[in-house]
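Here's the structure, in structure tokens; my notes come after.
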Amino acid sequence: MKFILSSFLAVSMILTSFFVFGDNNPSIDKTTELKFSQNKKFKISQFTDIHWDSNQIENCRLVSETITKVLSDESPDLVILTGDIVTNDPAINGWLELSSIFNKAKVNWTVVLGNHDDETSLSRKQIFELLEQQPGFVGDAGYVSGAGNYILPLLSANEDTLSALLYGFDSQGYSKDKTIGYYDWVKFDQIQWYRQKSAEYTLANKGIPLPSLAFFHIPTLEYKEVATSPAMMGIKGEGVSSAVLNPGLITAFIEMGDVMGTFVGHDHDNNYIGIFYDVALAYGQKTGANSYGSLPRGARIIELTEGERGFNTWIRTAEGEAFHYNYPFGLSFKEDEISFLPAGDSSFLVQGINVSFFDGSFQSSEDLAKETPSGTWVSKNITLNEVQSTDNFGLVFEGHIHISHKGYYRFYTLSDDGSRLYVGNKLVVNNDGAHGITKAEGIVALEAGYHSFRVEYFETTGDQFLEVGFSSLKIMEQSIPAGILFYKE
């Protein structure tokens, strides 16, 4: 085996490098580039916790059938295996058998390693020495702690320009000091490597972070937070087996602003997804037949759209699709699973919005409905600039908002003191109560057209502030522009 691995290493030193990189001077190999398709989509199949054992022929057959069926049904552009892949000797045989599945399907593939992958006769580095010689493999061992820290650039469909990034991380194996937990954690040099690369890409993209995803095996502590969120989607069949210590990987993603979602395995009876401070935290679907867990074998599918900061994802098993989920909205993307608010009558509408002013001391925007306005006017937009009072007043902005395309919309109010926002008769944002400057948001599915729109606001004493904005898959977050606000004459 030492001779075989040495031969692999020798060959690898003379082969042209893949476009995947962990060094400081990345280059793109045109023969192995990953690109968005002509329909502007890029689809990833995540298989996890395969636990391949070449000695168990029937289990291998079942796993091979599962993978082949998913590849046939989904036709992904890339396969990512997120750890605990080949967990028994002869490990070389196991890796080559798996490689042949993806080679036969003619699909590019990569891996990040789990805690069990180096419990065979191959070390983590040796696994990558082997895999880097396999057809269609696009991963790289990298040069920071562990093996499998790399970046996959995704190019635009029609130009050789970067459109998105995929990060791979080695989440390590077991803690060397069992007094501080059983599992290890992503190391500081890995996080520093990520921060440096992320900053370089953002700078090269005119200061705008590229839409990115991250893949590793062991979930972080933050997965426990989304497990109890009411917006979580999927199955939580067991606890989160994370490291005890938190090295700050998710914090780094939040601060750098590029990673939209993380995808892990490890806990076989979990396949849920939720959002933690604008980062989606997702489990894959257990793929292995030689491992514990009651969930059916399958995969998680992730689909990116070129030019959009978002993705759709779902679970694929032999039973079909399940748990359709859209990021950033945290809801189903299937139109037959969504109730869209219908647009209203657009006759006699002119640009602007009606404003009603209320003089008095209020503790809730609900109090405004009980009062008679002491003044009214028409404004071009939602602003406090036209108000002379500094304390103890309320405002109601009321009219229609023009929605250019059907879809999910995220509205927000940033206010001091309280505010509420309605679309149609639906309360979308509740930021009520006396408080300092606070942001609240909500999501609503809207048909294209004109929708009745109302914002309530009140100020007690001290500072005053009001900003109202929105976003969608096609609209970056921004204050609501004057040009889409209307009122009836």
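In the structure tokens, each chain is lettered A, B, ... as it comes, each chain's residues begin at 1, and ligands are numbered from 1 in order of appearance.
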As a ChimeraX atom specification, please: the residues near A:Ser123 (cut-off 12 Å, only C-alpha atoms, same-chain neighbours under 3 positions excluded).
/A:2,5,86-87,91-92,113-120,126-130,141,146-147,173
Secondary structure check, helix (DSSP H, G or I) residues of stretch 128-240 of chain A, as a ChimeraX atom specification:
/A:128-131,178-180,188-204,223-227
Can you write out the residues you just picked, keeping C-alpha atoms, as a PDB file, in the first residue's frame?
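New file again-v7.pdb:
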ATOM      1  CA  PHE A 128      -6.720  13.146  -1.025  1.00  0.00           C
ATOM      2  CA  GLU A 129      -3.545  11.853  -2.688  1.00  0.00           C
ATOM      3  CA  LEU A 130      -5.668   8.995  -3.988  1.00  0.00           C
ATOM      4  CA  LEU A 131      -8.734  11.026  -4.926  1.00  0.00           C
ATOM      5  CA  LYS A 178     -11.487  14.651  26.126  1.00  0.00           C
ATOM      6  CA  THR A 179     -12.029  16.982  29.088  1.00  0.00           C
ATOM      7  CA  ILE A 180     -13.218  19.603  26.572  1.00  0.00           C
ATOM      8  CA  PHE A 188      -8.135  29.027  13.702  1.00  0.00           C
ATOM      9  CA  ASP A 189      -5.765  28.795  10.719  1.00  0.00           C
ATOM     10  CA  GLN A 190      -8.610  27.360   8.619  1.00  0.00           C
ATOM     11  CA  ILE A 191     -10.863  30.267   9.594  1.00  0.00           C
ATOM     12  CA  GLN A 192      -8.085  32.775   8.913  1.00  0.00           C
ATOM     13  CA  TRP A 193      -7.513  31.171   5.496  1.00  0.00           C
ATOM     14  CA  TYR A 194     -11.224  31.543   4.760  1.00  0.00           C
ATOM     15  CA  ARG A 195     -11.299  35.177   5.904  1.00  0.00           C
ATOM     16  CA  GLN A 196      -8.316  36.035   3.737  1.00  0.00           C
ATOM     17  CA  LYS A 197      -9.704  34.347   0.622  1.00  0.00           C
ATOM     18  CA  SER A 198     -13.187  35.763   1.149  1.00  0.00           C
ATOM     19  CA  ALA A 199     -11.782  39.282   1.484  1.00  0.00           C
ATOM     20  CA  GLU A 200      -9.727  38.847  -1.703  1.00  0.00           C
ATOM     21  CA  TYR A 201     -12.737  37.700  -3.713  1.00  0.00           C
ATOM     22  CA  THR A 202     -14.932  40.484  -2.351  1.00  0.00           C
ATOM     23  CA  LEU A 203     -12.312  43.092  -3.235  1.00  0.00           C
ATOM     24  CA  ALA A 204     -11.987  41.666  -6.757  1.00  0.00           C
ATOM     25  CA  TYR A 223     -27.206  24.040  14.613  1.00  0.00           C
ATOM     26  CA  LYS A 224     -28.750  23.644  18.071  1.00  0.00           C
ATOM     27  CA  GLU A 225     -30.199  27.149  17.775  1.00  0.00           C
ATOM     28  CA  VAL A 226     -32.046  26.566  14.496  1.00  0.00           C
ATOM     29  CA  ALA A 227     -33.304  23.163  15.696  1.00  0.00           C
TER      30      ALA A 227
END
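Nearest to A:Glu74 of all the residues A:Thr317, A:Gln133, A:Asn158, A:Thr32 is A:Thr317, based on only C-alpha atoms.
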At a cut-off of 10 Å, using only C-alpha atoms, what residues contact stretch 479-486 of chain A? Leave out same-chain residues fewer than 3 positions from it and give the result as a count of residues only.
34
Please identify every residue of stretch 323-418 of chain A that has at least one atom no farther than 12 Å from an atom of stretch 294-309 of chain A, counting only C-alpha atoms, and for each give the shortest atom pair and the distance in Å to one decimal, arranged by chain then increasing number, as JSON lines.
{"residue": "A:Phe323", "atom": "CA", "partner": "A:Arg300", "partner_atom": "CA", "distance": 9.8}
{"residue": "A:His324", "atom": "CA", "partner": "A:Ile301", "partner_atom": "CA", "distance": 9.7}
{"residue": "A:Tyr325", "atom": "CA", "partner": "A:Ile302", "partner_atom": "CA", "distance": 9.6}
{"residue": "A:Asn326", "atom": "CA", "partner": "A:Glu303", "partner_atom": "CA", "distance": 9.7}
{"residue": "A:Tyr327", "atom": "CA", "partner": "A:Arg309", "partner_atom": "CA", "distance": 8.5}
{"residue": "A:Pro328", "atom": "CA", "partner": "A:Arg309", "partner_atom": "CA", "distance": 8.0}
{"residue": "A:Phe329", "atom": "CA", "partner": "A:Arg309", "partner_atom": "CA", "distance": 11.2}
{"residue": "A:Phe333", "atom": "CA", "partner": "A:Glu303", "partner_atom": "CA", "distance": 11.6}
Return the single residue from A:Phe458, A:Trp314, A:Tyr292, A:Phe393 that is closest to A:Ile273, with distances computed using only C-alpha atoms.
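Closest residue, counting only C-alpha atoms: A:Trp314.
You will find atom CA of A:Ser339 at 16.5 Å from atom CA of A:Ser472.
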I'd like to know which of A:Asn385, A:Ser54, A:Phe362, A:Thr376 is closest to A:Ala434, using only C-alpha atoms.
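For A:Ala434, the nearest of the candidates is A:Phe362.
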Write down as a PyMOL selection string the residues belonging to stretch 346-379 of chain A that are assigned strand (DSSP E or B) by DSSP computed on the backbone.
chain A and resi 349-351+353-359+375-379
So that I can see what lies close to A:Ser163, please list as a list in words the residues with an atom at most 10 Å from it, counting only C-alpha atoms and leaving out residues fewer than 5 positions away in the same chain.
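Near neighbours after the sequence-gap exclusion: Lys35, Phe36, Pro153, Leu154, Leu155, Ser156, Ala157, Asn205, Leu210, Pro211, Ser212, Thr305, Glu306, Gly307 and Glu308 of chain A.
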Selected residue, from A:Ala289, A:Ala280, A:Met232, A:Ile250, that lies nearest to A:Gln56 when counting only C-alpha atoms:
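Nearest candidate to A:Gln56 out of A:Ala289, A:Ala280, A:Met232, A:Ile250: A:Ala289.
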Near A:Gly462, within 10 Å and counting only C-alpha atoms, which residues show up once chain neighbours fewer than 6 positions away are dropped, as a ChimeraX atom specification?
/A:390-392,416-417,436
Would you list the contacts of stretch 260-262 of chain A as a PyMOL selection string, taking every protein, DNA or RNA residue within 12 Å and counting only C-alpha atoms, but skipping same-chain residues closer than 4 positions in sequence?
chain A and resi 46+82+164-169+209-220+222-223+249-250+252-256+272-284+302-304+308-313+326-330
Excluding A:Ser72 and its own-chain neighbours fewer than 5 positions away, which residues fall within 10 Å of it when counting only C-alpha atoms? Please give them as a list in words.
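Those residues are Thr66, Ile67 and Ala105 of chain A.
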